[in-house]
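Structure, as structure tokens:
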Amino acid sequence: MLARLGLRAGDISRMRLDDIDWREATLCVRGKGRGEIRLPLPQEAGDAIIDYLRDARPPADSDCIFLRTIAPFRPLAGASVSGIVSLALTRAGIDAPSRGANLLRHSAATSMLRAGATLDTIGAVLRHRSVDTTAHYAKVDVDMLLEVVQPWPGSVAC
């Protein structure tokens with residue numbers, strides 16, 4: 001969900017069992033500023049959550065989806081989510097400019113941009129208030145732009 005929907009670490013740590021509508025395949029995300037949005041739940045993310053709930057989630061009375069694996073089984077903190085991402089990057093041998101969950105948020109934005117989504121659409125999914133913030137997250141793919149760029153009218157090609 002971090003990589004596909006660009007969720008924040010805090011979104012993951014606050015996620016509750018009731019936030020998922022399995023029939024509609026949607027996920028309610030409560031983010032900064034108490035804003036709330038319903039996003040599509042990708043099939044592979046839903047399958048991974050089901051596997052986690054069935055096979056890996058520790059038994060606890062908490063309605064939070066993701067819990068610490070060591071007792072007491074409390075909800076994960078946002079910093080723990082970023083730590084898990086950092087550890088996964090290290091294990092995969094990936095040398096990235098940043099190491100936390102926010103890296104996957106940037107990657108999700110770039111992936112949506114490459115798939116043809118507009119900055120407005122990406123901003124809506126990432127829940128940005130400004131298109132300038134979205135543009136910062138959705139790094140421009142220079143090679144992709146070179147394929148679609150049009151010459152300036154009346155100018156000589158470079």
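Simple scheme: letters A, B, ... for chains in structure tokens order, numbers from 1 for residues in each chain, numbers from 1 for ligands in the order shown.
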
Checklist entry - Excluding same-chain residues fewer than 3 positions from segment 123-135 of chain A, what lies within 8 Å of it counting only C-alpha atoms, as a PyMOL selection string? => result chain A and resi 5-7+39+105+109+119-120+138-139

Checklist entry - What lies within 7 Å of segment 11-21 of chain A using only C-alpha atoms, ignoring chain neighbours under 2 positions off, as a PyMOL selection string? => result chain A and resi 7-9+23-31+63-66+75-78

Can I get the selected residues back with N, CA and C atoms, as a PDB file, in the first residue's frame?
```
ATOM      1  N   LEU A   7       0.757   5.718   0.307  1.00  0.00           N
ATOM      2  CA  LEU A   7       0.330   6.058   1.662  1.00  0.00           C
ATOM      3  C   LEU A   7       1.513   6.521   2.503  1.00  0.00           C
ATOM      4  N   ARG A   8       1.207   7.306   3.510  1.00  0.00           N
ATOM      5  CA  ARG A   8       2.219   7.747   4.473  1.00  0.00           C
ATOM      6  C   ARG A   8       2.382   6.662   5.537  1.00  0.00           C
ATOM      7  N   ALA A   9       3.525   6.677   6.212  1.00  0.00           N
ATOM      8  CA  ALA A   9       3.762   5.720   7.298  1.00  0.00           C
ATOM      9  C   ALA A   9       2.667   5.835   8.351  1.00  0.00           C
ATOM     10  N   ARG A  23     -16.086  -5.722  -0.017  1.00  0.00           N
ATOM     11  CA  ARG A  23     -17.033  -5.872  -1.137  1.00  0.00           C
ATOM     12  C   ARG A  23     -16.755  -4.871  -2.252  1.00  0.00           C
ATOM     13  N   GLU A  24     -16.418  -3.653  -1.861  1.00  0.00           N
ATOM     14  CA  GLU A  24     -16.148  -2.600  -2.848  1.00  0.00           C
ATOM     15  C   GLU A  24     -14.670  -2.518  -3.228  1.00  0.00           C
ATOM     16  N   ALA A  25     -13.832  -3.269  -2.539  1.00  0.00           N
ATOM     17  CA  ALA A  25     -12.375  -3.242  -2.743  1.00  0.00           C
ATOM     18  C   ALA A  25     -11.834  -1.826  -2.617  1.00  0.00           C
ATOM     19  N   THR A  26     -12.203  -1.183  -1.489  1.00  0.00           N
ATOM     20  CA  THR A  26     -11.723   0.165  -1.218  1.00  0.00           C
ATOM     21  C   THR A  26     -11.145   0.243   0.187  1.00  0.00           C
ATOM     22  N   LEU A  27     -10.382   1.298   0.393  1.00  0.00           N
ATOM     23  CA  LEU A  27      -9.700   1.526   1.643  1.00  0.00           C
ATOM     24  C   LEU A  27      -9.940   2.966   2.069  1.00  0.00           C
ATOM     25  N   CYS A  28     -10.412   3.160   3.280  1.00  0.00           N
ATOM     26  CA  CYS A  28     -10.613   4.500   3.817  1.00  0.00           C
ATOM     27  C   CYS A  28      -9.306   4.935   4.469  1.00  0.00           C
ATOM     28  N   VAL A  29      -8.788   6.074   4.038  1.00  0.00           N
ATOM     29  CA  VAL A  29      -7.528   6.582   4.574  1.00  0.00           C
ATOM     30  C   VAL A  29      -7.806   7.915   5.253  1.00  0.00           C
ATOM     31  N   ARG A  30      -7.406   8.000   6.511  1.00  0.00           N
ATOM     32  CA  ARG A  30      -7.520   9.244   7.269  1.00  0.00           C
ATOM     33  C   ARG A  30      -6.117   9.801   7.419  1.00  0.00           C
ATOM     34  N   GLY A  31      -5.906  10.937   6.827  1.00  0.00           N
ATOM     35  CA  GLY A  31      -4.559  11.486   6.845  1.00  0.00           C
ATOM     36  C   GLY A  31      -4.439  12.756   7.635  1.00  0.00           C
ATOM     37  N   ASP A  63      -8.110  -2.997  17.164  1.00  0.00           N
ATOM     38  CA  ASP A  63      -8.730  -3.009  15.837  1.00  0.00           C
ATOM     39  C   ASP A  63      -7.790  -2.449  14.775  1.00  0.00           C
ATOM     40  N   CYS A  64      -6.583  -2.077  15.178  1.00  0.00           N
ATOM     41  CA  CYS A  64      -5.583  -1.648  14.193  1.00  0.00           C
ATOM     42  C   CYS A  64      -5.154  -2.870  13.392  1.00  0.00           C
ATOM     43  N   ILE A  65      -4.924  -2.654  12.102  1.00  0.00           N
ATOM     44  CA  ILE A  65      -4.535  -3.784  11.253  1.00  0.00           C
ATOM     45  C   ILE A  65      -3.128  -4.252  11.576  1.00  0.00           C
ATOM     46  N   PHE A  66      -2.192  -3.318  11.599  1.00  0.00           N
ATOM     47  CA  PHE A  66      -0.787  -3.693  11.731  1.00  0.00           C
ATOM     48  C   PHE A  66      -0.301  -3.493  13.159  1.00  0.00           C
ATOM     49  N   PRO A  75      -0.363  -1.177  18.212  1.00  0.00           N
ATOM     50  CA  PRO A  75      -0.241  -0.729  16.814  1.00  0.00           C
ATOM     51  C   PRO A  75       1.184  -0.272  16.507  1.00  0.00           C
ATOM     52  N   LEU A  76       1.591  -0.486  15.278  1.00  0.00           N
ATOM     53  CA  LEU A  76       2.890   0.008  14.833  1.00  0.00           C
ATOM     54  C   LEU A  76       2.890   1.531  14.860  1.00  0.00           C
ATOM     55  N   ALA A  77       4.005   2.102  15.213  1.00  0.00           N
ATOM     56  CA  ALA A  77       4.183   3.553  15.108  1.00  0.00           C
ATOM     57  C   ALA A  77       4.631   3.864  13.682  1.00  0.00           C
ATOM     58  N   GLY A  78       4.388   5.096  13.238  1.00  0.00           N
ATOM     59  CA  GLY A  78       4.817   5.507  11.901  1.00  0.00           C
ATOM     60  C   GLY A  78       6.314   5.305  11.702  1.00  0.00           C
TER      61      GLY A  78
END
```

Checklist entry - as a VMD selection string, which residues of chain A does DSSP assign to helix (DSSP H, G or I)? => result chain A and resid 2 to 5 9 to 14 17 to 19 32 to 34 43 to 56 78 to 92 101 to 114 119 to 126 131 to 137 142 to 148

Next on the checklist: Please extract the residues of chain A with a backbone DSSP assignment of strand (DSSP E or B) and present them as number ranges by chain.
Outcome noted: A: 16, 20-21, 26-30, 36-40, 64, 67, 75

Item to check | Using only C-alpha atoms: which of A:Leu113, A:Phe73, A:Ala92, A:Asp47 has the shortest distance to Pro59 of chain A | outcome: A:Phe73

Item to check | Counting only C-alpha atoms, the residue of A:Met112, A:Leu67, A:Ala117, A:Ala79 that sits nearest Arg99 of chain A | outcome: A:Ala79

Checklist entry - Taking only C-alpha atoms into account, which of A:Leu103, A:Ala71, A:Leu41, A:Ala48 comes nearest Gly83 of chain A? => result A:Leu103

Next on the checklist: Please report the interatomic distance between atom CA of Pro40 of chain A and atom CA of Arg4 of chain A in Å with one decimal.
Outcome noted: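 Computing it gives 10.2 Å between the two atoms.
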
Item to check | Interatomic distance (Å, one decimal) between atom CA of Ser107 of chain A and atom CA of Asp51 of chain A | outcome: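 So the answer is 24.3 Å.
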
Checklist outcome for this item: Using only C-alpha atoms, the best pick from A:Tyr137, A:Gly35, A:Ser80, A:Arg91 as closest to Ala108 of chain A would be A:Tyr137

Item to check | Atomic distance atom CA of Ala101 of chain A - atom CA of Asp61 of chain A, expressed in Å with one decimal | outcome: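 Separation of atom CA of Ala101 of chain A and atom CA of Asp61 of chain A: 26.5 Å.
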